[in-house]
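Here the structure comes first, spelled out in structure tokens, and everything after it is commentary.
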Amino acid sequence: MSADDRRRVLLIDRIGYSHYRRHDGSPFMPADRFAVTVLTDRAKVGEVSGAEIDAVIGIDLDDVPLMLKAGEMVHRHRPLDLVVAISERLLLPAARLRDRLGIPGQSEERTLLVRNKLRMKEHLGGLGVRVPRHEPFSPEAVATLLERHGRVVLKPTEGMASTGVFVLDRIEQLRPVLDANPGLDRANYEVEEFIDGNLHHVDSVVRDGEPVVATVSRTVDPTTSYHDAAPCRDHNIGPGPDREALLAFNAAVLKCFPWFSGVTHHEMFLDRAGEVVFCEIAGRPGGGGIIPGFRHQTGVDLDEAAVMAQLGDALPVPAKDPATDPVPLIGYVMVYQPGGVLEATPAAPDVPWLVDLAYLRRPGDVLPVPTRWSDAVAAVTVEGATESEVLDRLDHMVRHVRGTG
């Protein structure tokens, strides 16, 4: 293929270009097939290199209108064939850019179904999936659902990192929440019944609405544990009826998106009666230790799978399937610190069960008080033969990261 025949790709990135390379250093988008323009955060421009790189543009990626204008400018200069983005907050802007430029790929309308919490529940509920009873936010909707269900949850419809989530037991609690959050965007909030059960997630590589390979995990601690700088632990569940029920539910939900190929992070509740209830689904890799854990178990890099799907290329082939092959259980923990200065980042201990230790801050960094799930000092991934062994090892690593054991 000549240089002129290469497909021109706009990669919108906020995680750093090293995430678009395999362990052997080879790029997901090799130079003989792709000419890549990277639109990234200004602080990450220096990380971008490779023969496949055509241009690098650094901007404030939180400025979505500017991001769209930059993409249009690139397209005017050298017409694009594809737009790729795998971070959750970039999925909708990338889809809007495809629609504006007439570029093939997932549209904004379809992306909303795996991004907007109201739209996804309306879509799935209409197809018979058990979803929480829900309404667009209004004080009247809050009162009605409280009367019916006794407890409700307020969520931003396109929120992430467990930010801006409130649980109410009485209508009298609503006014203090609104007063304490004057910037709360009521037009982009929903209210839904509180599901009393354990939160689980299934992470999948998906081809045309069918799971290729998937892992099943339980979130042990509240995803809002960061409020108290307490760890948030998560681990695979072992073989048994619960895992089979969650895998079956995941497959049924994915069938409702027959056009989707790529990676999904699907959260669901297993309630006290043993019924699986939908929570939300995202069309991107999960955070924390999910990516290194999934790669350790299956041999598949979820970032690579997400990129390959958006390029229209073949998905990576799993070396093992946790649903049928004997593989260790994986767990991860998000470790927080209640502000202050990060004094040190202890070296990884020399133990065979440590899969990954990723420090998200550097020694000397001034740490803000955590305000979202992703405001962790470190994400640690371990393996173990049993769920209890995984939890013991996670607790050991929390003490290690904090320098207390």
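Identifiers for the structure tokens are assigned positionally: chains receive A, B, ... in sequence, residues are indexed from 1 per chain, and ligands are indexed from 1 in the order shown.
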As a list in words, please: the residues near Arg243 (chain A) (cut-off 10 Å, only C-alpha atoms, same-chain neighbours under 6 positions excluded). His200, Val202, Thr215, Val216, Ser217, Arg218, Asn236, Ile237, Phe249 and Ala323 of chain A
Selected residues written out with C-alpha atoms, as a tab-separated table (two decimals), in the first residue's frame:
```tsv
chain	number	residue	atom	x	y	z
A	200	HIS	CA	-21.60	-6.31	39.42
A	202	VAL	CA	-19.39	-7.71	32.93
A	215	THR	CA	-15.30	-11.43	32.55
A	216	VAL	CA	-17.70	-11.09	35.51
A	217	SER	CA	-16.87	-9.07	38.63
A	218	ARG	CA	-18.42	-7.73	41.82
A	236	ASN	CA	-14.05	-11.51	39.66
A	237	ILE	CA	-16.64	-13.94	40.96
A	249	PHE	CA	-28.12	-11.15	31.22
A	323	ALA	CA	-16.12	-18.70	31.12
```
Long-range neighbours of Phe28 (chain A) as a PyMOL selection string, 9 Å cut-off, only C-alpha atoms, 2 positions minimum in chain: chain A and resi 20-22+26+30+304+307-308
Shell around Ala385 (chain A) at 9 Å using only C-alpha atoms, local window under 6 positions removed, as a PDB file with C-alpha atoms, in the first residue's frame:
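Output file result.pdb follows:
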```
ATOM      1  CA  VAL A 327      -7.794 -18.912  34.827  1.00  0.00           C
ATOM      2  CA  PRO A 328      -7.009 -17.161  38.126  1.00  0.00           C
ATOM      3  CA  LEU A 329      -9.494 -14.721  39.580  1.00  0.00           C
ATOM      4  CA  ILE A 330      -8.559 -11.064  39.231  1.00  0.00           C
TER       5      ILE A 330
END
```
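The smallest atom-to-atom distance between Val317 (chain A) and any of A:Ile281, A:Leu354, A:Val382, A:Val213, using only C-alpha atoms, is found for A:Val213.
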Please identify all polymer residues within 6 Å of region 136-147 of chain A, counting only C-alpha atoms, omitting same-chain residues fewer than 5 positions from it, and present them as a PDB file with C-alpha atoms, in the first residue's frame.
```pdb
ATOM      1  CA  ILE A 171     -38.594  14.153  49.600  1.00  0.00           C
ATOM      2  CA  TYR A 189     -30.384  14.476  35.364  1.00  0.00           C
ATOM      3  CA  GLU A 190     -32.563  11.450  35.922  1.00  0.00           C
ATOM      4  CA  VAL A 191     -34.205   9.853  38.942  1.00  0.00           C
TER       5      VAL A 191
END
```
Picked from region 234-313 of chain A by DSSP as alpha helix (DSSP H), as a PyMOL selection string: chain A and resi 241-254+290-298+302-311
Write to file, as a CSV table (one decimal), in the first residue's frame, the residues of the selection just made, with C-alpha atoms.
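New file part33.csv:
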```csv
chain,number,residue,atom,x,y,z
A,241,PRO,CA,-25.2,-19.8,39.3
A,242,ASP,CA,-24.6,-16.1,39.9
A,243,ARG,CA,-21.9,-15.9,37.2
A,244,GLU,CA,-24.0,-17.8,34.7
A,245,ALA,CA,-27.0,-15.5,35.4
A,246,LEU,CA,-24.9,-12.4,34.9
A,247,LEU,CA,-23.3,-13.7,31.7
A,248,ALA,CA,-26.7,-14.6,30.3
A,249,PHE,CA,-28.1,-11.1,31.2
A,250,ASN,CA,-25.1,-9.5,29.6
A,251,ALA,CA,-25.7,-11.5,26.4
A,252,ALA,CA,-29.4,-10.6,26.3
A,253,VAL,CA,-28.6,-6.9,26.7
A,254,LEU,CA,-25.9,-6.9,24.0
A,290,ILE,CA,-10.0,-3.8,34.5
A,291,ILE,CA,-7.7,-3.4,31.4
A,292,PRO,CA,-4.6,-5.1,32.9
A,293,GLY,CA,-6.7,-7.7,34.6
A,294,PHE,CA,-8.6,-8.6,31.4
A,295,ARG,CA,-5.3,-8.8,29.4
A,296,HIS,CA,-3.8,-11.1,32.1
A,297,GLN,CA,-6.8,-13.5,31.9
A,298,THR,CA,-7.6,-13.5,28.2
A,302,LEU,CA,-9.3,-3.8,25.7
A,303,ASP,CA,-7.9,-0.6,24.4
A,304,GLU,CA,-6.7,-2.4,21.3
A,305,ALA,CA,-10.1,-4.1,20.8
A,306,ALA,CA,-11.9,-0.8,21.1
A,307,VAL,CA,-9.6,0.8,18.5
A,308,MET,CA,-9.8,-2.2,16.1
A,309,ALA,CA,-13.5,-2.1,16.1
A,310,GLN,CA,-13.6,1.6,15.2
A,311,LEU,CA,-11.1,1.0,12.4
```
Just want the 7 Å neighbourhood of region 84-100 of chain A, counted on only C-alpha atoms, with same-chain residues fewer than 2 positions away dropped. Output as a PyMOL selection string. chain A and resi 10-13+64+68+82+102-108+111+284+306-307+310
So how many Å separate CA of Pro211 (chain A) and CA of Val333 (chain A), to one decimal? 25.7 Å
Could you tell me which of A:Ala376, A:Met67, A:Pro349, A:Asp32 comes closest to Gly50 (chain A) if we count only C-alpha atoms?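 Using only C-alpha atoms, Gly50 (chain A) sits closest to A:Asp32.
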